[in-house]
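Colleague: Below is the file entry13.tsv, with TSV, C-alpha atoms.
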```
chain	number	residue	atom	x	y	z
A	12	MET	CA	173.89	95.76	84.30
A	13	PRO	CA	171.80	92.95	85.80
A	14	ILE	CA	169.51	90.96	83.56
A	15	TYR	CA	166.66	89.34	85.47
A	16	GLN	CA	165.04	86.22	84.02
A	17	GLN	CA	161.97	84.63	85.55
A	18	PHE	CA	161.42	80.89	85.29
A	19	ASN	CA	157.77	79.94	84.87
A	20	LEU	CA	156.44	76.64	86.17
A	21	PRO	CA	156.50	74.35	83.12
A	22	ASP	CA	154.11	71.56	82.23
A	23	ALA	CA	155.92	68.54	83.66
A	24	GLY	CA	155.03	66.56	80.54
A	25	GLU	CA	151.90	65.06	82.03
A	26	GLY	CA	149.34	67.53	80.68
A	27	LEU	CA	148.44	68.78	84.16
A	28	THR	CA	147.60	72.41	84.84
A	29	GLU	CA	149.10	72.86	88.31
A	30	ALA	CA	151.76	71.57	90.70
A	31	GLU	CA	152.78	72.05	94.33
A	32	ILE	CA	156.21	73.39	95.25
A	33	VAL	CA	157.62	70.73	97.60
A	34	ALA	CA	161.17	71.96	98.30
A	35	TRP	CA	163.67	74.47	96.96
A	36	HIS	CA	167.23	73.21	96.45
A	37	VAL	CA	168.58	76.78	96.12
A	38	ALA	CA	168.29	80.01	98.10
A	39	VAL	CA	168.49	83.71	97.28
A	40	GLY	CA	172.13	84.57	96.54
A	41	ASP	CA	173.07	81.07	95.32
A	42	THR	CA	174.79	80.70	91.97
A	43	VAL	CA	173.04	78.26	89.65
A	44	GLU	CA	174.08	76.58	86.41
A	45	VAL	CA	171.97	75.45	83.48
A	46	ASN	CA	170.39	72.04	84.23
A	47	GLN	CA	171.18	72.23	87.96
A	48	THR	CA	168.21	70.95	90.00
A	49	ILE	CA	166.60	73.97	91.68
A	50	VAL	CA	163.17	72.82	92.89
A	51	GLU	CA	161.11	69.71	93.55
A	52	ILE	CA	157.45	69.85	92.55
A	53	GLU	CA	154.58	67.43	93.05
A	54	THR	CA	151.90	66.92	90.45
A	55	ALA	CA	148.83	64.72	90.77
A	56	LYS	CA	150.93	61.92	89.30
A	57	SER	CA	154.50	62.21	90.60
A	58	LEU	CA	157.36	64.13	92.22
A	59	VAL	CA	159.54	65.93	89.67
A	60	ASP	CA	162.90	67.74	90.02
A	61	LEU	CA	163.07	70.83	87.80
A	62	PRO	CA	166.41	72.04	86.41
A	63	SER	CA	167.43	75.65	85.98
A	64	PRO	CA	167.12	77.00	82.44
A	65	PHE	CA	169.57	79.81	83.32
A	66	THR	CA	173.08	80.33	84.65
A	67	GLY	CA	173.32	83.14	87.16
A	68	VAL	CA	172.51	84.23	90.71
A	69	VAL	CA	169.13	83.59	92.35
A	70	THR	CA	167.60	86.98	93.19
A	71	ARG	CA	164.08	86.00	94.29
A	72	ILE	CA	162.13	82.85	95.08
A	73	LEU	CA	158.59	83.77	94.15
A	74	VAL	CA	156.63	80.79	95.54
A	75	ASP	CA	156.92	79.27	99.02
A	76	PRO	CA	157.08	75.51	99.59
A	77	GLY	CA	153.62	73.99	100.08
A	78	THR	CA	152.01	76.37	97.60
A	79	THR	CA	150.10	75.02	94.59
A	80	VAL	CA	150.64	77.10	91.45
A	81	ASP	CA	149.32	77.01	87.91
A	82	VAL	CA	151.54	76.09	84.97
A	83	GLY	CA	153.06	79.29	83.54
A	84	THR	CA	153.30	81.08	86.91
A	85	PRO	CA	156.75	82.62	87.61
A	86	ILE	CA	158.40	80.66	90.46
A	87	ILE	CA	161.99	81.98	90.62
A	88	GLU	CA	164.03	84.94	89.35
A	89	VAL	CA	167.69	84.66	88.31
A	90	ASP	CA	170.14	87.46	87.45
A	91	THR	CA	171.83	86.08	84.34
A	92	ASP	CA	174.42	88.89	84.19
A	93	PRO	CA	175.41	89.62	87.79
A	94	HIS	CA	178.91	90.95	87.01
A	95	GLY	CA	178.31	93.55	84.33
A	96	ALA	CA	176.88	94.28	80.97
A	97	ALA	CA	176.11	91.43	78.67
A	98	PRO	CA	177.77	91.54	75.26
A	99	ALA	CA	175.63	92.92	72.46
A	100	PRO	CA	174.04	90.10	70.48
A	101	THR	CA	175.49	89.66	67.03
A	102	PRO	CA	173.03	89.05	64.23
A	103	ALA	CA	173.30	85.75	62.41
A	104	PRO	CA	174.64	86.08	58.89
A	105	ALA	CA	171.93	85.90	56.25
A	106	ALA	CA	172.10	83.13	53.69
A	107	VAL	CA	172.31	84.21	50.08
A	108	GLU	CA	170.16	82.43	47.53
A	109	ALA	CA	171.08	81.79	43.89
A	110	ASP	CA	169.25	84.95	42.76
A	111	GLY	CA	171.43	87.07	45.07
A	112	GLU	CA	168.69	87.87	47.61
A	113	ALA	CA	169.35	87.33	51.30
A	114	ARG	CA	167.05	85.14	53.36
A	115	GLU	CA	166.80	84.49	57.10
A	116	ALA	CA	166.77	81.09	58.72
A	117	VAL	CA	163.38	80.17	60.19
A	118	LEU	CA	163.00	77.20	62.52
A	119	VAL	CA	159.21	77.08	62.77
A	120	GLY	CA	156.21	79.04	61.62
A	121	TYR	CA	155.35	80.74	58.39
A	122	GLY	CA	158.68	82.37	57.69
A	123	VAL	CA	159.89	85.91	58.05
A	124	SER	CA	157.29	88.61	57.48
A	125	GLY	CA	157.73	90.68	54.37
A	126	GLN	CA	158.69	87.80	52.14
A	127	GLY	CA	156.33	87.07	49.32
A	128	SER	CA	155.85	83.63	47.92
A	129	ALA	CA	155.42	82.70	44.31
A	130	ARG	CA	153.14	79.86	43.33
A	131	ARG	CA	153.53	77.73	40.28
A	132	ALA	CA	151.07	78.36	37.51
A	133	ARG	CA	148.19	75.90	37.40
A	134	VAL	CA	148.12	73.51	34.51
A	135	ALA	CA	144.68	73.12	32.98
A	136	ARG	CA	143.55	69.51	32.90
A	137	THR	CA	141.79	68.20	29.86
A	138	ALA	CA	139.19	65.47	29.93
A	139	PRO	CA	140.39	62.13	28.55
A	140	ALA	CA	139.23	61.27	25.04
A	141	PRO	CA	136.34	58.77	24.91
A	142	ALA	CA	137.42	55.26	23.92
```
Just dump the structure as structure tokens.
Modeller:
Amino acid sequence: MPIYQQFNLPDAGEGLTEAEIVAWHVAVGDTVEVNQTIVEIETAKSLVDLPSPFTGVVTRILVDPGTTVDVGTPIIEVDTDPHGAAPAPTPAPAAVEADGEAREAVLVGYGVSGQGSARRARVARTAPAPA
């Protein structure tokens, strides 16, 4: 079963909001690998080669050369599973804390929803005695 992934025009690290597609280095039907250069774009500051974030077969080129597009616009579509069904993802094992409860790894953000947090009790401060 094919899995189609679209690659959106990224911010080229310059804080600009648009770029022009200068030249495609791939065509529909080509096999691409992760980090293979697929397109050359021009921003207001420089020419930049963009690598593929996917491995697969190019199914559609969504923007023609010479077209200026906004950051976040889909520019190419790749079939990441052209030869059959992808294996079912296996869930990561949950870590077990000292109290026996499982927890999930969280890279960024506020954690996994449904987890409560306990705060330490506040200690009342007393005014220092006059000297």
Colleague: Using all atoms listed in the file, find the one residue out of A:Ala138, A:Phe18, A:Gly24, A:Ala132 that sits nearest to A:Val59.
Modeller: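 Under the stated criterion, the closest residue is A:Gly24.
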Colleague: Please, what distance in Å, to one decimal, runs between atom CA of A:Thr79 and atom CA of A:Ser63?
Modeller: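 A separation of 19.4 Å between them.
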Colleague: Quick check, in Å to one decimal: how far apart do atom CA of A:Ile52 and atom CA of A:Pro93 lie?
Modeller: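 The value is 27.1 Å.
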Colleague: Taking all atoms listed in the file into account, which of A:Thr137, A:Thr28, A:Asn46, A:Thr84 comes nearest A:Phe65?
Modeller: A:Asn46
Colleague: Work out how far apart atom CA of A:Ala34 and atom CA of A:Pro76 are and give it in Å to one decimal.
Modeller: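 Separation between atom CA of A:Ala34 and atom CA of A:Pro76: 5.6 Å.
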Colleague: Can you work out which one of A:Val68, A:Leu58, A:Ala135, A:Met12 has the shortest atom-to-atom distance to A:Val43, counting only C-alpha atoms?
Modeller: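 Of all the options, A:Val68 lies closest to A:Val43.
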Colleague: Write out as a list in words the residues lying within 8 Å of A:Glu88, counting only C-alpha atoms and excluding same-chain residues fewer than 2 positions away.
Modeller: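 Contacts, with the query itself left out: Tyr15, Gln16, Gln17, Phe18, Val69, Thr70, Arg71, Ile72, Leu73, Pro85, Ile86 and Asp90 of chain A.
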